[in-house]
Amino acid sequence: MTDKTEESSTGHENQPAAGALESSPGTPATAKRRGSAAAALGQLVRRLRQPLPGAQPRLRFEIPPEYNHTEGPAATEDGETGGRAAQFGRPGPRMSMQHPLYMGFMGTVGVGLALLVYWIGSNTTQLLLWIVAALFIALGLEPVVGWLENRRIPRPVGILLAVLVLVVAVGGFFATLIPTIVEQVTQIVVQAPTWVRDFIDSEFFRNVDDQFGVRDRINEELDKFVNNPEAMGGIFGGVVGFGSTLANGLFGTLIVLVLSLYFLAALPAMKKWGYRLAPRSRRARVEALSEEITRSVGNYVIGQACVALLNATFAFIVMSIVGVPFALLLAFVVALLAFIPLVGGMIAGIVVLLIALTVGWQTAAVYGICYFAYLQFEAYFISPRIMQKAVAVPGAVAVISVIAGGSLLGVLGALIAIPTAAAILLLVKEIYIVRQDKH
């Protein structure tokens, strides 16, 4: 009796509790609860993915499918071509182009469209300039993005890096330029009364004043100006106009940066759409010519930026050594002018020489010799090596295109003049001359 009791108690001790058995991870009850939870979660996900009642799917702007050169779109049994033909119907026969109604209507439509394009272009000149500048920047950054893609960096990351470098460069430019301008303009304002007083007390001004009464004439003109309300209103209007111009410039800079980002992101799709607009038999040739033009433009922008940076760096070093005032500010001016091909470096050298003459003719002579010698070195050694993968334009054509572009669109026209001339020369060589050689 005692043995049975001990055996039964020992058996109860060795058996697991009911709660422990039920909560173990491998039991059927736990698996059932997990299965029900997964089913509920899956049902919730399916409901979330279902559209709202009455909602329509958003249309996507995609490139239409490209058919094979030997095969057209798949024909259905009833003679329709593909699902799109079954959806929108089969196109009927075209009207004859010699029909008077067709000719009159299309002529009227052509004149109306020409007038509409002219009206839109004349009223959106500023927007068109922003678009051209943004597209120019996007084509310039495309080689950088392509180089990053070749290093197995995703295109979105490459675009962000390229635009970030551009924004940092522009921000650093303004962050350095604005305090420099404020400091140096303050120095000019502080020193201006001293300059005026020294000039009035000079022997030259006294002789001129004794002969022509310059002092009395200046006092009369100042009294008239102060007492004239239109003149004071003109000063106020000039201040307001300067503020408006500055605000428009900042807004335009922001718009150009945003458009550059969008163009850079959508450039492959834009190219594909543009190539699809050409006839299928000539699409490969159009693509080859377009890729050559965009590659040349991109390499030109990168090369010109490198040339301008080297030019400004050399000018800043020489100005700092010989003691030209406002060296940092003038270095930024040199960098901006050096972006203009052919004539930009010459104009920058003349501007700095005029400032150097205020110090002395020796300073101006030393700077002029060093800088213009560098321009010759740049023209024969630096630019050919940097721009060897960019555009090749004859010298006369380059000068004419820069002058014409500057006259039409200002600084932006001068910047894009040489790539535009290179593109025109390439099209003339590969299309017009080839066609003329066949006759």
# chains A, B, ... in the order shown; residues from 1 in each chain; ligands from 1
$ residues_around --residues "segment 151-163 of chain A" --least-positions-apart "2" --cutoff "12 Å" --atoms "only C-alpha atoms" --output "mmCIF file with all heavy atoms, in the first residue's frame"
data_model
loop_
_atom_site.group_PDB
_atom_site.id
_atom_site.type_symbol
_atom_site.label_atom_id
_atom_site.label_comp_id
_atom_site.auth_asym_id
_atom_site.auth_seq_id
_atom_site.Cartn_x
_atom_site.Cartn_y
_atom_site.Cartn_z
ATOM 1 N N ALA A 134 18.246 75.643 -66.297
ATOM 2 C CA ALA A 134 18.121 74.394 -65.548
ATOM 3 C C ALA A 134 18.525 73.198 -66.406
ATOM 4 O O ALA A 134 19.211 72.274 -65.930
ATOM 5 C CB ALA A 134 16.692 74.230 -65.034
ATOM 6 N N ILE A 137 22.289 73.133 -66.677
ATOM 7 C CA ILE A 137 22.907 72.612 -65.453
ATOM 8 C C ILE A 137 22.721 71.106 -65.358
ATOM 9 O O ILE A 137 23.641 70.369 -64.964
ATOM 10 C CB ILE A 137 22.309 73.320 -64.228
ATOM 11 C CG1 ILE A 137 22.716 74.799 -64.227
ATOM 12 C CG2 ILE A 137 22.787 72.652 -62.935
ATOM 13 C CD1 ILE A 137 22.066 75.603 -63.130
ATOM 14 N N ALA A 138 21.514 70.620 -65.723
ATOM 15 C CA ALA A 138 21.256 69.175 -65.667
ATOM 16 C C ALA A 138 22.185 68.418 -66.622
ATOM 17 O O ALA A 138 22.728 67.363 -66.264
ATOM 18 C CB ALA A 138 19.794 68.892 -65.999
ATOM 19 N N LEU A 139 22.362 68.941 -67.826
ATOM 20 C CA LEU A 139 23.279 68.287 -68.768
ATOM 21 C C LEU A 139 24.724 68.352 -68.270
ATOM 22 O O LEU A 139 25.522 67.453 -68.540
ATOM 23 C CB LEU A 139 23.168 68.952 -70.143
ATOM 24 C CG LEU A 139 21.849 68.728 -70.891
ATOM 25 C CD1 LEU A 139 21.836 69.513 -72.187
ATOM 26 C CD2 LEU A 139 21.610 67.250 -71.160
ATOM 27 N N GLY A 140 25.055 69.434 -67.538
ATOM 28 C CA GLY A 140 26.392 69.517 -66.988
ATOM 29 C C GLY A 140 26.645 68.543 -65.858
ATOM 30 O O GLY A 140 27.767 68.047 -65.684
ATOM 31 N N LEU A 141 25.613 68.258 -65.064
ATOM 32 C CA LEU A 141 25.767 67.316 -63.954
ATOM 33 C C LEU A 141 25.575 65.865 -64.386
ATOM 34 O O LEU A 141 25.893 64.953 -63.616
ATOM 35 C CB LEU A 141 24.760 67.644 -62.847
ATOM 36 C CG LEU A 141 24.955 68.983 -62.130
ATOM 37 C CD1 LEU A 141 23.858 69.183 -61.100
ATOM 38 C CD2 LEU A 141 26.314 69.051 -61.466
ATOM 39 N N GLU A 142 25.038 65.637 -65.587
ATOM 40 C CA GLU A 142 24.796 64.265 -66.033
ATOM 41 C C GLU A 142 26.083 63.438 -66.119
ATOM 42 O O GLU A 142 26.080 62.257 -65.727
ATOM 43 C CB GLU A 142 24.082 64.290 -67.387
ATOM 44 C CG GLU A 142 23.825 62.933 -68.001
ATOM 45 C CD GLU A 142 22.902 62.061 -67.166
ATOM 46 O OE1 GLU A 142 22.156 62.604 -66.335
ATOM 47 O OE2 GLU A 142 22.945 60.827 -67.337
ATOM 48 N N PRO A 143 27.230 63.970 -66.610
ATOM 49 C CA PRO A 143 28.453 63.150 -66.583
ATOM 50 C C PRO A 143 28.883 62.756 -65.177
ATOM 51 O O PRO A 143 29.405 61.649 -64.975
ATOM 52 C CB PRO A 143 29.495 64.066 -67.246
ATOM 53 C CG PRO A 143 28.712 64.984 -68.111
ATOM 54 C CD PRO A 143 27.437 65.221 -67.369
ATOM 55 N N VAL A 144 28.658 63.638 -64.202
ATOM 56 C CA VAL A 144 29.010 63.296 -62.820
ATOM 57 C C VAL A 144 28.130 62.146 -62.326
ATOM 58 O O VAL A 144 28.615 61.196 -61.705
ATOM 59 C CB VAL A 144 28.859 64.538 -61.923
ATOM 60 C CG1 VAL A 144 29.198 64.186 -60.481
ATOM 61 C CG2 VAL A 144 29.754 65.658 -62.416
ATOM 62 N N VAL A 145 26.821 62.234 -62.609
ATOM 63 C CA VAL A 145 25.910 61.173 -62.186
ATOM 64 C C VAL A 145 26.243 59.867 -62.904
ATOM 65 O O VAL A 145 26.223 58.783 -62.306
ATOM 66 C CB VAL A 145 24.453 61.594 -62.445
ATOM 67 C CG1 VAL A 145 23.481 60.480 -62.078
ATOM 68 C CG2 VAL A 145 24.110 62.852 -61.648
ATOM 69 N N GLY A 146 26.567 59.959 -64.196
ATOM 70 C CA GLY A 146 26.960 58.752 -64.930
ATOM 71 C C GLY A 146 28.237 58.131 -64.381
ATOM 72 O O GLY A 146 28.361 56.901 -64.314
ATOM 73 N N TRP A 147 29.196 58.972 -63.994
ATOM 74 C CA TRP A 147 30.432 58.450 -63.406
ATOM 75 C C TRP A 147 30.146 57.751 -62.088
ATOM 76 O O TRP A 147 30.727 56.691 -61.792
ATOM 77 C CB TRP A 147 31.401 59.598 -63.193
ATOM 78 C CG TRP A 147 32.722 59.179 -62.637
ATOM 79 C CD1 TRP A 147 33.781 58.643 -63.316
ATOM 80 C CD2 TRP A 147 33.126 59.251 -61.257
ATOM 81 N NE1 TRP A 147 34.820 58.379 -62.458
ATOM 82 C CE2 TRP A 147 34.447 58.746 -61.176
ATOM 83 C CE3 TRP A 147 32.512 59.691 -60.099
ATOM 84 C CZ2 TRP A 147 35.147 58.665 -59.995
ATOM 85 C CZ3 TRP A 147 33.207 59.623 -58.910
ATOM 86 C CH2 TRP A 147 34.512 59.122 -58.858
ATOM 87 N N LEU A 148 29.243 58.307 -61.275
ATOM 88 C CA LEU A 148 28.877 57.651 -60.022
ATOM 89 C C LEU A 148 28.122 56.348 -60.275
ATOM 90 O O LEU A 148 28.300 55.363 -59.539
ATOM 91 C CB LEU A 148 28.017 58.600 -59.173
ATOM 92 C CG LEU A 148 28.734 59.854 -58.639
ATOM 93 C CD1 LEU A 148 27.751 60.748 -57.913
ATOM 94 C CD2 LEU A 148 29.876 59.467 -57.705
ATOM 95 N N GLU A 149 27.291 56.325 -61.316
ATOM 96 C CA GLU A 149 26.589 55.075 -61.649
ATOM 97 C C GLU A 149 27.560 53.992 -62.080
ATOM 98 O O GLU A 149 27.358 52.802 -61.766
ATOM 99 C CB GLU A 149 25.569 55.335 -62.766
ATOM 100 C CG GLU A 149 24.279 55.972 -62.293
ATOM 101 C CD GLU A 149 23.251 56.030 -63.390
ATOM 102 O OE1 GLU A 149 23.555 56.583 -64.459
ATOM 103 O OE2 GLU A 149 22.131 55.528 -63.190
ATOM 104 N N VAL A 165 26.392 68.888 -53.882
ATOM 105 C CA VAL A 165 27.651 69.593 -54.135
ATOM 106 C C VAL A 165 27.392 70.942 -54.795
ATOM 107 O O VAL A 165 28.001 71.960 -54.447
ATOM 108 C CB VAL A 165 28.580 68.717 -54.995
ATOM 109 C CG1 VAL A 165 29.799 69.509 -55.462
ATOM 110 C CG2 VAL A 165 29.021 67.490 -54.220
ATOM 111 N N LEU A 166 26.444 70.977 -55.740
ATOM 112 C CA LEU A 166 26.112 72.231 -56.405
ATOM 113 C C LEU A 166 25.533 73.243 -55.422
ATOM 114 O O LEU A 166 25.916 74.427 -55.425
ATOM 115 C CB LEU A 166 25.125 71.964 -57.541
ATOM 116 C CG LEU A 166 24.646 73.190 -58.328
ATOM 117 C CD1 LEU A 166 25.828 73.858 -59.023
ATOM 118 C CD2 LEU A 166 23.577 72.807 -59.337
ATOM 119 N N VAL A 167 24.615 72.787 -54.570
ATOM 120 C CA VAL A 167 23.999 73.697 -53.596
ATOM 121 C C VAL A 167 25.039 74.210 -52.605
ATOM 122 O O VAL A 167 25.040 75.398 -52.242
ATOM 123 C CB VAL A 167 22.838 72.981 -52.872
ATOM 124 C CG1 VAL A 167 22.330 73.809 -51.697
ATOM 125 C CG2 VAL A 167 21.695 72.712 -53.844
ATOM 126 N N VAL A 168 25.923 73.319 -52.154
ATOM 127 C CA VAL A 168 26.974 73.747 -51.219
ATOM 128 C C VAL A 168 27.896 74.765 -51.882
ATOM 129 O O VAL A 168 28.293 75.769 -51.258
ATOM 130 C CB VAL A 168 27.766 72.524 -50.724
ATOM 131 C CG1 VAL A 168 29.011 72.963 -49.971
ATOM 132 C CG2 VAL A 168 26.893 71.669 -49.818
ATOM 133 N N ALA A 169 28.213 74.547 -53.162
ATOM 134 C CA ALA A 169 29.078 75.497 -53.864
ATOM 135 C C ALA A 169 28.403 76.862 -54.004
ATOM 136 O O ALA A 169 29.011 77.912 -53.741
ATOM 137 C CB ALA A 169 29.448 74.947 -55.242
ATOM 138 N N VAL A 170 27.113 76.861 -54.398
ATOM 139 C CA VAL A 170 26.392 78.129 -54.537
ATOM 140 C C VAL A 170 26.220 78.802 -53.178
ATOM 141 O O VAL A 170 26.412 80.023 -53.034
ATOM 142 C CB VAL A 170 25.028 77.889 -55.214
ATOM 143 C CG1 VAL A 170 24.204 79.179 -55.233
ATOM 144 C CG2 VAL A 170 25.221 77.381 -56.627
ATOM 145 N N GLY A 171 25.869 78.000 -52.149
ATOM 146 C CA GLY A 171 25.724 78.570 -50.811
ATOM 147 C C GLY A 171 27.026 79.116 -50.267
ATOM 148 O O GLY A 171 27.058 80.190 -49.652
ATOM 149 N N VAL A 256 15.505 77.516 -60.608
ATOM 150 C CA VAL A 256 16.480 76.841 -61.465
ATOM 151 C C VAL A 256 17.039 75.598 -60.776
ATOM 152 O O VAL A 256 17.194 74.542 -61.406
ATOM 153 C CB VAL A 256 17.604 77.822 -61.851
ATOM 154 C CG1 VAL A 256 18.762 77.084 -62.501
ATOM 155 C CG2 VAL A 256 17.081 78.885 -62.803
ATOM 156 N N LEU A 257 17.310 75.686 -59.473
ATOM 157 C CA LEU A 257 17.812 74.520 -58.754
ATOM 158 C C LEU A 257 16.783 73.390 -58.707
ATOM 159 O O LEU A 257 17.120 72.216 -58.913
ATOM 160 C CB LEU A 257 18.215 74.926 -57.329
ATOM 161 C CG LEU A 257 19.495 75.765 -57.203
ATOM 162 C CD1 LEU A 257 19.724 76.153 -55.748
ATOM 163 C CD2 LEU A 257 20.697 75.008 -57.744
ATOM 164 N N VAL A 258 15.520 73.743 -58.453
ATOM 165 C CA VAL A 258 14.473 72.709 -58.400
ATOM 166 C C VAL A 258 14.275 72.079 -59.772
ATOM 167 O O VAL A 258 14.170 70.842 -59.905
ATOM 168 C CB VAL A 258 13.164 73.326 -57.872
ATOM 169 C CG1 VAL A 258 12.024 72.320 -57.974
ATOM 170 C CG2 VAL A 258 13.322 73.766 -56.422
ATOM 171 N N LEU A 259 14.221 72.905 -60.823
ATOM 172 C CA LEU A 259 14.071 72.363 -62.171
ATOM 173 C C LEU A 259 15.277 71.514 -62.566
ATOM 174 O O LEU A 259 15.117 70.486 -63.245
ATOM 175 C CB LEU A 259 13.888 73.504 -63.169
ATOM 176 C CG LEU A 259 12.538 74.211 -63.170
ATOM 177 C CD1 LEU A 259 12.525 75.348 -64.177
ATOM 178 C CD2 LEU A 259 11.403 73.248 -63.478
ATOM 179 N N SER A 260 16.449 71.915 -62.145
ATOM 180 C CA SER A 260 17.640 71.105 -62.444
ATOM 181 C C SER A 260 17.539 69.725 -61.804
ATOM 182 O O SER A 260 17.900 68.714 -62.421
ATOM 183 C CB SER A 260 18.905 71.823 -61.945
ATOM 184 O OG SER A 260 19.029 73.088 -62.537
ATOM 185 N N LEU A 261 17.031 69.676 -60.573
ATOM 186 C CA LEU A 261 16.860 68.393 -59.898
ATOM 187 C C LEU A 261 15.863 67.512 -60.645
ATOM 188 O O LEU A 261 16.103 66.315 -60.874
ATOM 189 C CB LEU A 261 16.401 68.631 -58.458
ATOM 190 C CG LEU A 261 16.143 67.395 -57.602
ATOM 191 C CD1 LEU A 261 17.410 66.570 -57.465
ATOM 192 C CD2 LEU A 261 15.611 67.781 -56.236
ATOM 193 N N TYR A 262 14.733 68.097 -61.052
ATOM 194 C CA TYR A 262 13.727 67.317 -61.782
ATOM 195 C C TYR A 262 14.254 66.870 -63.142
ATOM 196 O O TYR A 262 14.040 65.712 -63.550
ATOM 197 C CB TYR A 262 12.457 68.149 -61.958
ATOM 198 C CG TYR A 262 11.546 68.135 -60.745
ATOM 199 C CD1 TYR A 262 11.433 69.241 -59.931
ATOM 200 C CD2 TYR A 262 10.800 67.004 -60.421
ATOM 201 C CE1 TYR A 262 10.610 69.238 -58.813
ATOM 202 C CE2 TYR A 262 9.980 66.987 -59.321
ATOM 203 C CZ TYR A 262 9.883 68.106 -58.510
ATOM 204 O OH TYR A 262 9.060 68.083 -57.410
ATOM 205 N N PHE A 263 14.907 67.765 -63.866
ATOM 206 C CA PHE A 263 15.445 67.393 -65.173
ATOM 207 C C PHE A 263 16.502 66.308 -65.048
ATOM 208 O O PHE A 263 16.549 65.379 -65.868
ATOM 209 C CB PHE A 263 16.050 68.621 -65.861
ATOM 210 C CG PHE A 263 15.028 69.567 -66.413
ATOM 211 C CD1 PHE A 263 15.353 70.894 -66.656
ATOM 212 C CD2 PHE A 263 13.743 69.156 -66.679
ATOM 213 C CE1 PHE A 263 14.416 71.780 -67.159
ATOM 214 C CE2 PHE A 263 12.785 70.024 -67.180
ATOM 215 C CZ PHE A 263 13.123 71.335 -67.422
ATOM 216 N N LEU A 264 17.337 66.406 -64.031
ATOM 217 C CA LEU A 264 18.386 65.414 -63.847
ATOM 218 C C LEU A 264 17.794 64.051 -63.505
ATOM 219 O O LEU A 264 18.293 63.016 -63.953
ATOM 220 C CB LEU A 264 19.342 65.870 -62.745
ATOM 221 C CG LEU A 264 20.681 65.138 -62.621
ATOM 222 C CD1 LEU A 264 21.457 65.234 -63.919
ATOM 223 C CD2 LEU A 264 21.492 65.729 -61.482
ATOM 224 N N ALA A 265 16.727 64.040 -62.707
ATOM 225 C CA ALA A 265 16.094 62.769 -62.357
ATOM 226 C C ALA A 265 15.354 62.146 -63.538
ATOM 227 O O ALA A 265 15.322 60.919 -63.695
ATOM 228 C CB ALA A 265 15.127 62.982 -61.182
ATOM 229 N N ALA A 266 14.750 62.996 -64.379
ATOM 230 C CA ALA A 266 13.925 62.484 -65.478
ATOM 231 C C ALA A 266 14.647 62.494 -66.816
ATOM 232 O O ALA A 266 14.008 62.286 -67.855
ATOM 233 C CB ALA A 266 12.648 63.323 -65.586
ATOM 234 N N LEU A 267 15.958 62.741 -66.830
ATOM 235 C CA LEU A 267 16.670 62.861 -68.101
ATOM 236 C C LEU A 267 16.635 61.573 -68.928
ATOM 237 O O LEU A 267 16.399 61.644 -70.149
ATOM 238 C CB LEU A 267 18.117 63.287 -67.833
ATOM 239 C CG LEU A 267 18.888 63.847 -69.031
ATOM 240 C CD1 LEU A 267 18.171 65.050 -69.613
ATOM 241 C CD2 LEU A 267 20.302 64.219 -68.620
ATOM 242 N N PRO A 268 16.840 60.376 -68.362
ATOM 243 C CA PRO A 268 16.729 59.168 -69.197
ATOM 244 C C PRO A 268 15.348 58.989 -69.801
ATOM 245 O O PRO A 268 15.226 58.652 -70.989
ATOM 246 C CB PRO A 268 17.066 58.033 -68.211
ATOM 247 C CG PRO A 268 17.898 58.669 -67.160
ATOM 248 C CD PRO A 268 17.337 60.038 -67.002
#
$ residues_around --residues "segment 291-296 of chain A" --least-positions-apart "4" --cutoff "12 Å" --atoms "only C-alpha atoms" --output "short mmCIF file (atom, residue, chain, number, x, y, z; two decimals) with N, CA, C and O atoms, in the first residue's frame"
data_model
loop_
_atom_site.label_atom_id
_atom_site.label_comp_id
_atom_site.auth_asym_id
_atom_site.auth_seq_id
_atom_site.Cartn_x
_atom_site.Cartn_y
_atom_site.Cartn_z
N LEU A 135 18.11 73.20 -67.67
CA LEU A 135 18.48 72.10 -68.56
C LEU A 135 19.99 72.09 -68.81
O LEU A 135 20.62 71.03 -68.88
N PHE A 136 20.58 73.26 -68.91
CA PHE A 136 22.03 73.37 -69.10
C PHE A 136 22.77 72.82 -67.88
O PHE A 136 23.77 72.08 -68.01
N ILE A 137 22.29 73.13 -66.68
CA ILE A 137 22.91 72.61 -65.45
C ILE A 137 22.72 71.11 -65.36
O ILE A 137 23.64 70.37 -64.96
N ALA A 138 21.51 70.62 -65.72
CA ALA A 138 21.26 69.18 -65.67
C ALA A 138 22.18 68.42 -66.62
O ALA A 138 22.73 67.36 -66.26
N LEU A 139 22.36 68.94 -67.83
CA LEU A 139 23.28 68.29 -68.77
C LEU A 139 24.72 68.35 -68.27
O LEU A 139 25.52 67.45 -68.54
N GLY A 140 25.05 69.43 -67.54
CA GLY A 140 26.39 69.52 -66.99
C GLY A 140 26.65 68.54 -65.86
O GLY A 140 27.77 68.05 -65.68
N LEU A 141 25.61 68.26 -65.06
CA LEU A 141 25.77 67.32 -63.95
C LEU A 141 25.58 65.87 -64.39
O LEU A 141 25.89 64.95 -63.62
N GLU A 142 25.04 65.64 -65.59
CA GLU A 142 24.80 64.26 -66.03
C GLU A 142 26.08 63.44 -66.12
O GLU A 142 26.08 62.26 -65.73
N PRO A 143 27.23 63.97 -66.61
CA PRO A 143 28.45 63.15 -66.58
C PRO A 143 28.88 62.76 -65.18
O PRO A 143 29.40 61.65 -64.98
N VAL A 144 28.66 63.64 -64.20
CA VAL A 144 29.01 63.30 -62.82
C VAL A 144 28.13 62.15 -62.33
O VAL A 144 28.62 61.20 -61.70
N GLY A 146 26.57 59.96 -64.20
CA GLY A 146 26.96 58.75 -64.93
C GLY A 146 28.24 58.13 -64.38
O GLY A 146 28.36 56.90 -64.31
N LEU A 267 15.96 62.74 -66.83
CA LEU A 267 16.67 62.86 -68.10
C LEU A 267 16.64 61.57 -68.93
O LEU A 267 16.40 61.64 -70.15
N PRO A 268 16.84 60.38 -68.36
CA PRO A 268 16.73 59.17 -69.20
C PRO A 268 15.35 58.99 -69.80
O PRO A 268 15.23 58.65 -70.99
N LYS A 271 14.85 61.48 -72.63
CA LYS A 271 15.55 61.06 -73.84
C LYS A 271 14.76 59.97 -74.58
O LYS A 271 14.62 60.02 -75.81
N LYS A 272 14.24 59.00 -73.82
CA LYS A 272 13.48 57.92 -74.46
C LYS A 272 12.24 58.46 -75.16
O LYS A 272 11.89 58.04 -76.28
N GLY A 274 11.83 61.50 -76.30
CA GLY A 274 12.26 62.25 -77.48
C GLY A 274 12.64 61.34 -78.63
O GLY A 274 12.32 61.63 -79.79
N TYR A 275 13.30 60.22 -78.34
CA TYR A 275 13.66 59.29 -79.40
C TYR A 275 12.43 58.62 -80.00
O TYR A 275 12.41 58.34 -81.21
N ALA A 284 17.52 55.06 -84.45
CA ALA A 284 18.87 54.77 -83.98
C ALA A 284 19.83 55.92 -84.30
O ALA A 284 20.67 56.30 -83.48
N ARG A 285 19.68 56.52 -85.47
CA ARG A 285 20.55 57.65 -85.84
C ARG A 285 20.25 58.88 -84.98
O ARG A 285 21.17 59.58 -84.54
N VAL A 286 18.96 59.13 -84.75
CA VAL A 286 18.57 60.26 -83.89
C VAL A 286 19.13 60.06 -82.48
O VAL A 286 19.64 61.00 -81.86
N GLU A 287 19.07 58.84 -81.97
CA GLU A 287 19.59 58.57 -80.63
C GLU A 287 21.10 58.77 -80.57
O GLU A 287 21.62 59.35 -79.61
N TYR A 300 31.44 69.92 -71.72
CA TYR A 300 31.81 71.34 -71.85
C TYR A 300 31.54 72.09 -70.56
O TYR A 300 32.38 72.91 -70.12
N VAL A 301 30.39 71.84 -69.92
CA VAL A 301 30.07 72.55 -68.67
C VAL A 301 31.07 72.18 -67.59
O VAL A 301 31.59 73.06 -66.87
N ILE A 302 31.38 70.90 -67.44
CA ILE A 302 32.34 70.48 -66.42
C ILE A 302 33.72 71.06 -66.72
O ILE A 302 34.42 71.57 -65.82
N GLY A 303 34.14 71.01 -67.98
CA GLY A 303 35.44 71.54 -68.33
C GLY A 303 35.54 73.04 -68.11
O GLY A 303 36.55 73.55 -67.60
N GLN A 304 34.48 73.79 -68.48
CA GLN A 304 34.51 75.23 -68.30
C GLN A 304 34.52 75.60 -66.82
O GLN A 304 35.16 76.58 -66.42
N MET A 387 39.29 70.24 -72.12
CA MET A 387 38.14 70.23 -73.03
C MET A 387 38.31 69.24 -74.18
O MET A 387 37.57 69.33 -75.17
N GLN A 388 39.25 68.29 -74.08
CA GLN A 388 39.48 67.39 -75.20
C GLN A 388 38.31 66.45 -75.45
O GLN A 388 38.12 65.97 -76.57
N LYS A 389 37.50 66.20 -74.41
CA LYS A 389 36.33 65.34 -74.59
C LYS A 389 35.05 66.15 -74.74
O LYS A 389 33.97 65.58 -74.74
N ALA A 390 35.17 67.44 -74.86
CA ALA A 390 33.98 68.28 -74.97
C ALA A 390 33.70 68.61 -76.43
O ALA A 390 33.58 67.72 -77.26
N VAL A 391 33.63 69.87 -76.76
CA VAL A 391 33.23 70.28 -78.10
C VAL A 391 34.45 70.80 -78.85
O VAL A 391 35.42 71.25 -78.27
N ALA A 392 34.38 70.71 -80.16
CA ALA A 392 35.43 71.22 -81.03
C ALA A 392 34.78 72.18 -82.01
O ALA A 392 34.08 71.76 -82.92
N VAL A 393 35.01 73.48 -81.82
CA VAL A 393 34.39 74.52 -82.64
C VAL A 393 35.51 75.39 -83.18
O VAL A 393 36.42 75.78 -82.43
N ILE A 416 25.93 79.28 -73.29
CA ILE A 416 25.45 78.14 -74.09
C ILE A 416 25.74 78.32 -75.57
O ILE A 416 25.33 77.49 -76.38
N ILE A 418 28.67 78.24 -77.38
CA ILE A 418 29.59 77.27 -77.99
C ILE A 418 28.99 75.86 -78.06
O ILE A 418 29.09 75.19 -79.10
N PRO A 419 28.35 75.33 -76.99
CA PRO A 419 27.69 74.03 -77.16
C PRO A 419 26.61 74.04 -78.23
O PRO A 419 26.45 73.06 -78.97
N THR A 420 25.85 75.14 -78.34
CA THR A 420 24.83 75.22 -79.37
C THR A 420 25.46 75.22 -80.76
O THR A 420 24.98 74.54 -81.68
N ALA A 421 26.55 75.99 -80.92
CA ALA A 421 27.24 76.00 -82.20
C ALA A 421 27.81 74.62 -82.54
O ALA A 421 27.76 74.19 -83.70
N ALA A 422 28.34 73.92 -81.54
CA ALA A 422 28.87 72.58 -81.78
C ALA A 422 27.76 71.62 -82.21
O ALA A 422 27.96 70.79 -83.11
N ALA A 423 26.59 71.73 -81.57
CA ALA A 423 25.47 70.86 -81.95
C ALA A 423 25.01 71.15 -83.37
O ALA A 423 24.73 70.23 -84.16
N ILE A 424 24.95 72.43 -83.75
CA ILE A 424 24.53 72.79 -85.11
C ILE A 424 25.54 72.27 -86.14
O ILE A 424 25.17 71.72 -87.19
N LEU A 425 26.84 72.43 -85.83
CA LEU A 425 27.86 71.93 -86.75
C LEU A 425 27.78 70.41 -86.90
O LEU A 425 27.96 69.87 -88.01
N LEU A 426 27.52 69.71 -85.80
CA LEU A 426 27.40 68.25 -85.88
C LEU A 426 26.21 67.83 -86.73
O LEU A 426 26.30 66.91 -87.55
N LEU A 427 25.07 68.52 -86.55
CA LEU A 427 23.88 68.19 -87.34
C LEU A 427 24.11 68.50 -88.82
O LEU A 427 23.69 67.73 -89.70
N GLU A 430 26.48 65.68 -90.17
CA GLU A 430 25.97 64.32 -90.23
C GLU A 430 24.66 64.20 -91.00
O GLU A 430 24.28 63.07 -91.35
#
$ closest_residue --among "A:Ile131, A:Leu277, A:Ala414, A:Leu330" --to "Leu342 of chain A" --atoms "only C-alpha atoms"
A:Ala414
$ closest_residue --among "A:Ala288, A:Val111, A:Leu328, A:Ile400" --to "Pro179 of chain A" --atoms "only C-alpha atoms"
A:Leu328
$ atom_distance --atom1 "atom CA of Arg280 of chain A" --atom2 "atom CA of Ile433 of chain A"
22.2 Å
$ residues_around --residues "Leu127 of chain A" --least-positions-apart "2" --cutoff "12 Å" --atoms "only C-alpha atoms" --output "JSON, numbers by chain"
{"A": [120, 121, 122, 123, 124, 125, 129, 130, 131, 132, 133, 134, 248, 251, 252, 253, 255, 256, 259]}
$ residues_around --residues "Phe339 of chain A" --least-positions-apart "4" --cutoff "8 Å" --atoms "only C-alpha atoms" --output "MDAnalysis selection string"
chainID A and resid 304:305 307:308 335 344 415
$ atom_distance --atom1 "atom CA of Val366 of chain A" --atom2 "atom CA of Ala348 of chain A"
15.6 Å
$ residues_around --residues "Arg215 of chain A" --least-positions-apart "6" --cutoff "10 Å" --atoms "only C-alpha atoms" --output "PyMOL selection string"
chain A and resi 200+205-206+208-209
$ write_last_selection --atoms "C-alpha atoms" --output "JSON list (two decimals), in the first residue's frame"
[["chain", "number", "residue", "atom", "x", "y", "z"],
["A", 200, "ILE", "CA", 38.17, 119.65, -52.00],
["A", 205, "PHE", "CA", 40.06, 121.79, -57.04],
["A", 206, "ARG", "CA", 40.81, 125.30, -55.72],
["A", 208, "VAL", "CA", 39.04, 124.96, -60.88],
["A", 209, "ASP", "CA", 36.68, 126.50, -58.31]]
